Amino acid sequence: MNKFLDISPEVAKALANNQPVVALESTIISHGMPWPQNAETAKKVEQVIRDNGAIPATIAIIDGRLKAGLSHEEIDTLGQAGLSVIKCSRRDLPFVIAKKQHGATTVAATMIIAEMAGIKIFATGGIGGVHRGAQTTFDISADLQELAKTNVAVICAGAKSILDLALTREYLETQGVPVIGYNTDSLPAFYTRDSDHTVDYNLTDALQISDFLQAKWSMSLDGGVVIANPIPEEYAMDKDSIGNAINQALKELDEQGVGGKESTPFLLARVAELTGGDSLASNIQLVFNNARLASAIAVEMSK
Ligand code: PSU
Ligand code: MN
């Protein structure tokens, strides 16, 4: 095992007994939602995973240690610290480890640590992708490169249309990353159940998804899989109002010259503010929904 990694006793025991385990990220806690809803959601999502027969492993960096499995106190620490915690993608991990700091892991960094720990299934809200205007800014999330090489399946509600979804699809295709729709032919766009884009394959139950993952990794076709699960109908948002909020947030991003790793948190926060509490409630529900599907897949994988 990696010398910087701590697997919690509960997660270690589950992995040793081939019981289902679902990884969770921590940038969604520190940078994706406001305190205290962020920590409350992080704890509730762990409970949803337990209720669905799997063991949760929230992943983060605490005092320079890679953690697979956090205590409630550690979740509170990250939630309360919010944006002051270092948002860690692949390139940030060595710094935070060497400096013995706390770090909140993005989809990319969570995949890296999940793979180190031996966890194959990871539930989150939305993945990073190719940003609008990437033709000139080159702003492409490191999540996509991680999906190209690290063997972890990411169950998400698609990607927000703060991104260029068409370019994100093209990038994933080039990198050989399959995009599975769970009971949908359309790529979900986080707050809305569909978009103008398709998925590669529509699979309709956890067993089919498990068979797909086993086939991919048995052939040593390295890399991740995006499993896109539409937000439940009753929490889906109106396309126009969410579209307007996203356009406004993108305009402010441009005006204020925000770039680099700050872009995504800036856009997430502005969209949440502009849509009021509605989008936060939807965001929380779609994470629970993804945790349920991820648990069902992890249960099938462990059979
Ligand atoms: N998209 C969301 N919610 C999030 C994120 C993205 O709808 O919380 C977070 C995830 O942690 C994701 C990261 O991995 O932002 C991507 O950041 P960047 O674009 O800087 O790679
Ligand atoms: Mn970026």
# chains A, B, ... in the order shown; residues from 1 in each chain; ligands from 1
>>> closest_atom_pairs(of="chain A", to="ligand 1", cutoff="7 Å", atoms="only C-alpha atoms and all ligand atoms", output="tab-separated table")
residue	atom	partner	partner_atom_place_in_ligand_line	distance
A:Glu25	CA	ligand 1	11 (O)	6.7
A:Ser26	CA	ligand 1	11 (O)	6.9
A:Thr27	CA	ligand 1	11 (O)	4.4
A:Ile28	CA	ligand 1	8 (O)	3.8
A:His31	CA	ligand 1	8 (O)	6.3
A:Gly32	CA	ligand 1	8 (O)	4.0
A:Ser89	CA	ligand 1	21 (O)	6.9
A:Thr105	CA	ligand 1	11 (O)	6.5
A:Thr106	CA	ligand 1	11 (O)	3.5
A:Val107	CA	ligand 1	14 (O)	3.6
A:Ala108	CA	ligand 1	14 (O)	5.9
A:Gly125	CA	ligand 1	3 (N)	5.7
A:Gly126	CA	ligand 1	7 (O)	4.1
A:Ile127	CA	ligand 1	6 (C)	5.0
A:Gly128	CA	ligand 1	16 (C)	4.1
A:Gly129	CA	ligand 1	19 (O)	6.3
A:Ile140	CA	ligand 1	19 (O)	6.9
A:Ser141	CA	ligand 1	21 (O)	3.7
A:Ala142	CA	ligand 1	21 (O)	5.2
A:Asp143	CA	ligand 1	21 (O)	5.8
A:Ala159	CA	ligand 1	7 (O)	6.4
A:Lys160	CA	ligand 1	7 (O)	5.7
A:Gly260	CA	ligand 1	20 (O)	6.8
A:Lys261	CA	ligand 1	20 (O)	4.3
A:Glu262	CA	ligand 1	20 (O)	6.6
A:Ser263	CA	ligand 1	20 (O)	6.5
A:Thr264	CA	ligand 1	19 (O)	4.9
A:Pro265	CA	ligand 1	15 (O)	6.6
A:Leu268	CA	ligand 1	7 (O)	6.6
>>> write_last_selection(atoms="N, CA and C atoms", output="short mmCIF file (atom, residue, chain, number, x, y, z; two decimals), in the first residue's frame")
data_model
loop_
_atom_site.label_atom_id
_atom_site.label_comp_id
_atom_site.auth_asym_id
_atom_site.auth_seq_id
_atom_site.Cartn_x
_atom_site.Cartn_y
_atom_site.Cartn_z
N GLU A 25 -16.07 12.25 -3.40
CA GLU A 25 -15.04 13.30 -3.47
C GLU A 25 -15.24 14.36 -2.39
N SER A 26 -14.28 15.25 -2.25
CA SER A 26 -14.38 16.29 -1.22
C SER A 26 -14.33 17.72 -1.75
N THR A 27 -13.99 17.93 -3.03
CA THR A 27 -14.08 19.31 -3.54
C THR A 27 -15.54 19.74 -3.58
N ILE A 28 -16.43 18.80 -3.81
CA ILE A 28 -17.87 19.11 -3.77
C ILE A 28 -18.24 19.65 -2.38
N HIS A 31 -15.77 23.26 -2.09
CA HIS A 31 -15.90 24.25 -3.16
C HIS A 31 -17.22 24.13 -3.93
N GLY A 32 -18.00 23.10 -3.65
CA GLY A 32 -19.19 22.86 -4.48
C GLY A 32 -20.49 23.31 -3.84
N SER A 89 -6.28 18.75 -7.56
CA SER A 89 -6.38 17.86 -8.70
C SER A 89 -5.04 17.11 -8.77
N THR A 105 -10.29 16.89 -2.63
CA THR A 105 -9.96 16.23 -3.89
C THR A 105 -11.06 16.40 -4.94
N THR A 106 -10.64 16.75 -6.14
CA THR A 106 -11.54 16.84 -7.30
C THR A 106 -11.85 15.42 -7.78
N VAL A 107 -12.63 15.34 -8.83
CA VAL A 107 -12.90 14.04 -9.44
C VAL A 107 -11.57 13.36 -9.81
N ALA A 108 -10.66 14.10 -10.41
CA ALA A 108 -9.38 13.51 -10.84
C ALA A 108 -8.61 12.95 -9.64
N GLY A 125 -21.42 14.60 -8.03
CA GLY A 125 -22.47 15.39 -8.67
C GLY A 125 -22.20 15.50 -10.16
N GLY A 126 -21.20 16.31 -10.49
CA GLY A 126 -20.87 16.51 -11.91
C GLY A 126 -19.37 16.46 -12.11
N ILE A 127 -18.95 16.11 -13.31
CA ILE A 127 -17.51 16.07 -13.63
C ILE A 127 -17.08 17.39 -14.27
N GLY A 128 -15.79 17.66 -14.19
CA GLY A 128 -15.21 18.77 -14.94
C GLY A 128 -15.13 18.38 -16.41
N GLY A 129 -14.88 19.36 -17.27
CA GLY A 129 -14.82 19.05 -18.70
C GLY A 129 -14.13 20.15 -19.48
N ILE A 140 -9.32 22.99 -19.95
CA ILE A 140 -9.87 21.63 -20.01
C ILE A 140 -9.56 20.98 -18.67
N SER A 141 -10.60 20.52 -17.97
CA SER A 141 -10.38 19.94 -16.64
C SER A 141 -9.48 18.71 -16.71
N ALA A 142 -8.60 18.61 -15.71
CA ALA A 142 -7.75 17.42 -15.59
C ALA A 142 -8.59 16.17 -15.30
N ASP A 143 -9.87 16.35 -14.94
CA ASP A 143 -10.74 15.19 -14.76
C ASP A 143 -10.78 14.33 -16.03
N ALA A 159 -22.70 16.63 -16.88
CA ALA A 159 -21.86 17.80 -16.64
C ALA A 159 -22.72 19.04 -16.81
N LYS A 160 -22.38 20.08 -16.04
CA LYS A 160 -23.14 21.33 -16.14
C LYS A 160 -22.84 22.01 -17.46
N GLY A 260 -8.02 29.62 -14.54
CA GLY A 260 -7.32 28.53 -13.86
C GLY A 260 -8.25 27.74 -12.98
N LYS A 261 -7.73 27.29 -11.85
CA LYS A 261 -8.52 26.41 -10.98
C LYS A 261 -9.68 27.13 -10.32
N GLU A 262 -9.69 28.47 -10.37
CA GLU A 262 -10.79 29.23 -9.76
C GLU A 262 -12.04 29.24 -10.64
N SER A 263 -11.90 28.96 -11.94
CA SER A 263 -13.06 29.10 -12.84
C SER A 263 -14.24 28.26 -12.38
N THR A 264 -14.02 26.96 -12.19
CA THR A 264 -15.16 26.08 -11.87
C THR A 264 -15.82 26.48 -10.55
N PRO A 265 -15.06 26.67 -9.45
CA PRO A 265 -15.74 27.09 -8.22
C PRO A 265 -16.47 28.42 -8.36
N LEU A 268 -19.72 27.67 -10.26
CA LEU A 268 -20.65 26.90 -9.43
C LEU A 268 -21.33 27.82 -8.41
#
>>> residues_around(residues="Gly223 in chain A", least_positions_apart="5", cutoff="10 Å", atoms="only C-alpha atoms", output="PyMOL selection string")
chain A and resi 145-153+175-178+216-217
>>> residues_around(residues="Ile97 in chain A", least_positions_apart="6", cutoff="9 Å", atoms="only C-alpha atoms", output="NGL selection string")
:A and (4 or 61-66 or 103)
>>> atom_distance(atom1="CA of Asn247 in chain A", atom2="CA of Glu273 in chain A")
13.2 Å
>>> select_by_dssp(residues="range 135-240 of chain A", states="strand (DSSP E or B)", output="VMD selection string")
chain A and resid 140 153 to 156 158 163 179 to 182 186 189 192 198 201 to 203 225 to 228
